[in-house]
Amino acid sequence: MLTAQRRIQIYNDQIAALDRLTPLLQKRVDMGASSPAEVARARVAVDLVRTDRERAVTVQSIARRELAIVMGVNVPDFSGVVGDLSRVGVPPVFQIVLKAIDINRQLMRWSAVWAQRDAELLIARLKPIPDVQIFAGWRHFNQVWNGTTFETNDNAVRLGLSVPLPVWDQNLGGIEAARESLSKVESERASNRLALVLALGRAYDTLIGAGREIELLRTSTIPNARTAVDGMENGYREGRYTLLELLDVESTSTQASLRELDALLNFHISVAIIEGLTGAPLKLTRGRRK
């Protein structure tokens, strides 16, 4: 949404700059220094920029609607947003960022699953171990003779021990199944971690590349383009440059500003991706990466 707003502003600035040339161009035509075709050429250039602006307005409307949906609103109840895309910085080295990947919730979920599968393997290994049972009892002896019971006053204590012998059932199938399940979880966790590391690496490389692009545009390209525009406008008033040359440098200056905007968008999206993968704010410092 911020990018769309800024893009519209860039096109508005270019349209305003071209509109300022119209009176000057018409004056040159009236003086016979330029042909009427140049007026039409200037109007075409302005109209093309206006079409680009209308396209940017459509993108802004879509972004506003998507943002409203994320905020839980079916119909956008705001016209714009406030933010600063221009603030950038240098991230820490990749090794430091990578250390935070292991606390990602996806990997923590796999750790819980692994613990469960490990417990199942332990249970499967314990199953063949005999279940020893010990029992004890008291017994009083009587003697029967010709249908008559005589008390002998004899007593005894009975002790018993039951030990099942798992000769045939070693639960080998259960142990193997539990071992394969644990190995599968380990492989899936490793694969999941590699995918997260790859996503983190892509976002980090995009962040570094966008930062370098922004630095080059700000320190050289954009200032030189603006200087060229000012020089061309003054030279056009003096008749030293043609309209085609002036329109070309105006377009170059606008494209440089749009390139910076795209780089800023990539930069901040990469920051958001890295923070989402690591679950921690990314600390950016000022200065240049060596």
# chains A, B, ... in the order shown; residues from 1 in each chain; ligands from 1
call {"tool": "residues_around", "arguments": {"residues": "segment 197-206 of chain A", "least_positions_apart": "2", "cutoff": "8 Å", "atoms": "only C-alpha atoms", "output": "count of residues only"}}
result
16
call {"tool": "residues_around", "arguments": {"residues": "Arg20 of chain A", "least_positions_apart": "4", "cutoff": "12 Å", "atoms": "only C-alpha atoms", "output": "list in words"}}
result
Asp13, Gln14, Ile15, Ala16, Leu24, Leu25, Gln26, Ala42, Arg43, Val46, Glu233 and Arg237 of chain A
call {"tool": "write_last_selection", "arguments": {"atoms": "N, CA and C atoms", "output": "compact mmCIF listing (two decimals), in the first residue's frame"}}
result
# COMPACT_ATOMS: atom_id res chain seq x y z
N ASP A 13 4.49 13.75 -10.02
CA ASP A 13 5.60 14.68 -10.17
C ASP A 13 6.05 14.77 -11.63
N GLN A 14 6.08 13.62 -12.32
CA GLN A 14 6.48 13.65 -13.72
C GLN A 14 5.45 14.37 -14.58
N ILE A 15 4.18 14.14 -14.32
CA ILE A 15 3.13 14.84 -15.06
C ILE A 15 3.22 16.34 -14.84
N ALA A 16 3.44 16.75 -13.59
CA ALA A 16 3.58 18.18 -13.29
C ALA A 16 4.76 18.78 -14.03
N LEU A 24 5.84 26.67 -22.39
CA LEU A 24 7.09 26.99 -23.04
C LEU A 24 7.12 26.43 -24.46
N LEU A 25 6.63 25.23 -24.61
CA LEU A 25 6.62 24.60 -25.93
C LEU A 25 5.71 25.37 -26.89
N GLN A 26 4.53 25.75 -26.40
CA GLN A 26 3.61 26.50 -27.24
C GLN A 26 4.21 27.85 -27.64
N ALA A 42 4.57 16.11 -26.98
CA ALA A 42 4.57 16.35 -25.54
C ALA A 42 3.27 15.87 -24.90
N ARG A 43 2.15 16.09 -25.59
CA ARG A 43 0.87 15.64 -25.05
C ARG A 43 0.80 14.12 -24.99
N VAL A 46 2.71 13.02 -21.94
CA VAL A 46 1.94 13.24 -20.72
C VAL A 46 0.84 12.20 -20.59
N GLU A 233 16.26 21.17 -19.00
CA GLU A 233 15.17 22.15 -19.02
C GLU A 233 15.70 23.55 -19.31
N ARG A 237 14.98 25.73 -22.83
CA ARG A 237 14.48 27.12 -22.88
C ARG A 237 15.39 28.00 -23.75
call {"tool": "residues_around", "arguments": {"residues": "Ala256 of chain A", "least_positions_apart": "4", "cutoff": "7 Å", "atoms": "only C-alpha atoms", "output": "list in words"}}
result
Thr221, Ile222, Thr252 and Glu260 of chain A
call {"tool": "closest_residue", "arguments": {"among": "A:Leu264, A:Val93, A:Val70, A:Leu247", "to": "Thr285 of chain A", "atoms": "only C-alpha atoms"}}
result
A:Val93
call {"tool": "residues_around", "arguments": {"residues": "Gly80 of chain A", "least_positions_apart": "3", "cutoff": "9 Å", "atoms": "only C-alpha atoms", "output": "short mmCIF file (atom, residue, chain, number, x, y, z; two decimals) with C-alpha atoms, in the first residue's frame"}}
result
data_model
loop_
_atom_site.label_atom_id
_atom_site.label_comp_id
_atom_site.auth_asym_id
_atom_site.auth_seq_id
_atom_site.Cartn_x
_atom_site.Cartn_y
_atom_site.Cartn_z
CA MET A 1 0.00 0.00 0.00
CA LEU A 2 2.82 2.38 0.82
CA GLN A 5 0.97 5.50 -2.84
CA ARG A 64 -6.04 -1.27 0.08
#
call {"tool": "residues_around", "arguments": {"residues": "Gly231 of chain A", "least_positions_apart": "6", "cutoff": "12 Å", "atoms": "only C-alpha atoms", "output": "PyMOL selection string"}}
result
chain A and resi 224-225+237-238+240-241+245-246+249-250
call {"tool": "write_last_selection", "arguments": {"atoms": "N, CA and C atoms", "output": "mmCIF file, in the first residue's frame"}}
result
data_model
loop_
_atom_site.group_PDB
_atom_site.id
_atom_site.type_symbol
_atom_site.label_atom_id
_atom_site.label_comp_id
_atom_site.auth_asym_id
_atom_site.auth_seq_id
_atom_site.Cartn_x
_atom_site.Cartn_y
_atom_site.Cartn_z
ATOM 1 N N ASN A 224 22.336 12.335 -10.265
ATOM 2 C CA ASN A 224 22.787 12.684 -11.613
ATOM 3 C C ASN A 224 21.606 12.876 -12.561
ATOM 4 N N ALA A 225 20.568 12.060 -12.377
ATOM 5 C CA ALA A 225 19.387 12.204 -13.237
ATOM 6 C C ALA A 225 18.701 13.539 -12.994
ATOM 7 N N ARG A 237 14.982 25.734 -22.827
ATOM 8 C CA ARG A 237 14.484 27.117 -22.880
ATOM 9 C C ARG A 237 15.386 27.999 -23.754
ATOM 10 N N GLU A 238 16.653 27.664 -23.745
ATOM 11 C CA GLU A 238 17.608 28.450 -24.531
ATOM 12 C C GLU A 238 17.737 27.923 -25.956
ATOM 13 N N ARG A 240 18.960 24.985 -26.884
ATOM 14 C CA ARG A 240 20.150 24.144 -27.094
ATOM 15 C C ARG A 240 19.825 22.662 -27.155
ATOM 16 N N TYR A 241 18.651 22.267 -26.695
ATOM 17 C CA TYR A 241 18.259 20.862 -26.730
ATOM 18 C C TYR A 241 16.881 20.740 -27.359
ATOM 19 N N GLU A 245 15.072 15.097 -26.569
ATOM 20 C CA GLU A 245 16.128 14.921 -25.576
ATOM 21 C C GLU A 245 15.617 15.233 -24.170
ATOM 22 N N LEU A 246 14.782 16.247 -24.054
ATOM 23 C CA LEU A 246 14.249 16.600 -22.748
ATOM 24 C C LEU A 246 13.302 15.534 -22.220
ATOM 25 N N VAL A 249 15.307 12.486 -20.924
ATOM 26 C CA VAL A 249 15.937 12.630 -19.626
ATOM 27 C C VAL A 249 14.896 12.683 -18.519
ATOM 28 N N GLU A 250 13.720 13.248 -18.797
ATOM 29 C CA GLU A 250 12.629 13.234 -17.818
ATOM 30 C C GLU A 250 12.200 11.798 -17.525
#
call {"tool": "closest_atom_pairs", "arguments": {"of": "segment 202-264 of chain A", "to": "segment 34-39 of chain A", "cutoff": "9 Å", "atoms": "only C-alpha atoms", "output": "tab-separated table"}}
result
residue	atom	partner	partner_atom	distance
A:Thr242	CA	A:Ser34	CA	9.0
A:Leu243	CA	A:Glu38	CA	7.0
A:Leu244	CA	A:Glu38	CA	8.5
call {"tool": "write_last_selection", "arguments": {"atoms": "C-alpha atoms", "output": "PDB file, in the first residue's frame"}}
result
ATOM      1  CA  THR A 242      15.336  19.306 -28.524  1.00  0.00           C
ATOM      2  CA  LEU A 243      12.067  18.220 -26.978  1.00  0.00           C
ATOM      3  CA  LEU A 244      12.951  14.579 -27.606  1.00  0.00           C
TER       4      LEU A 244
END
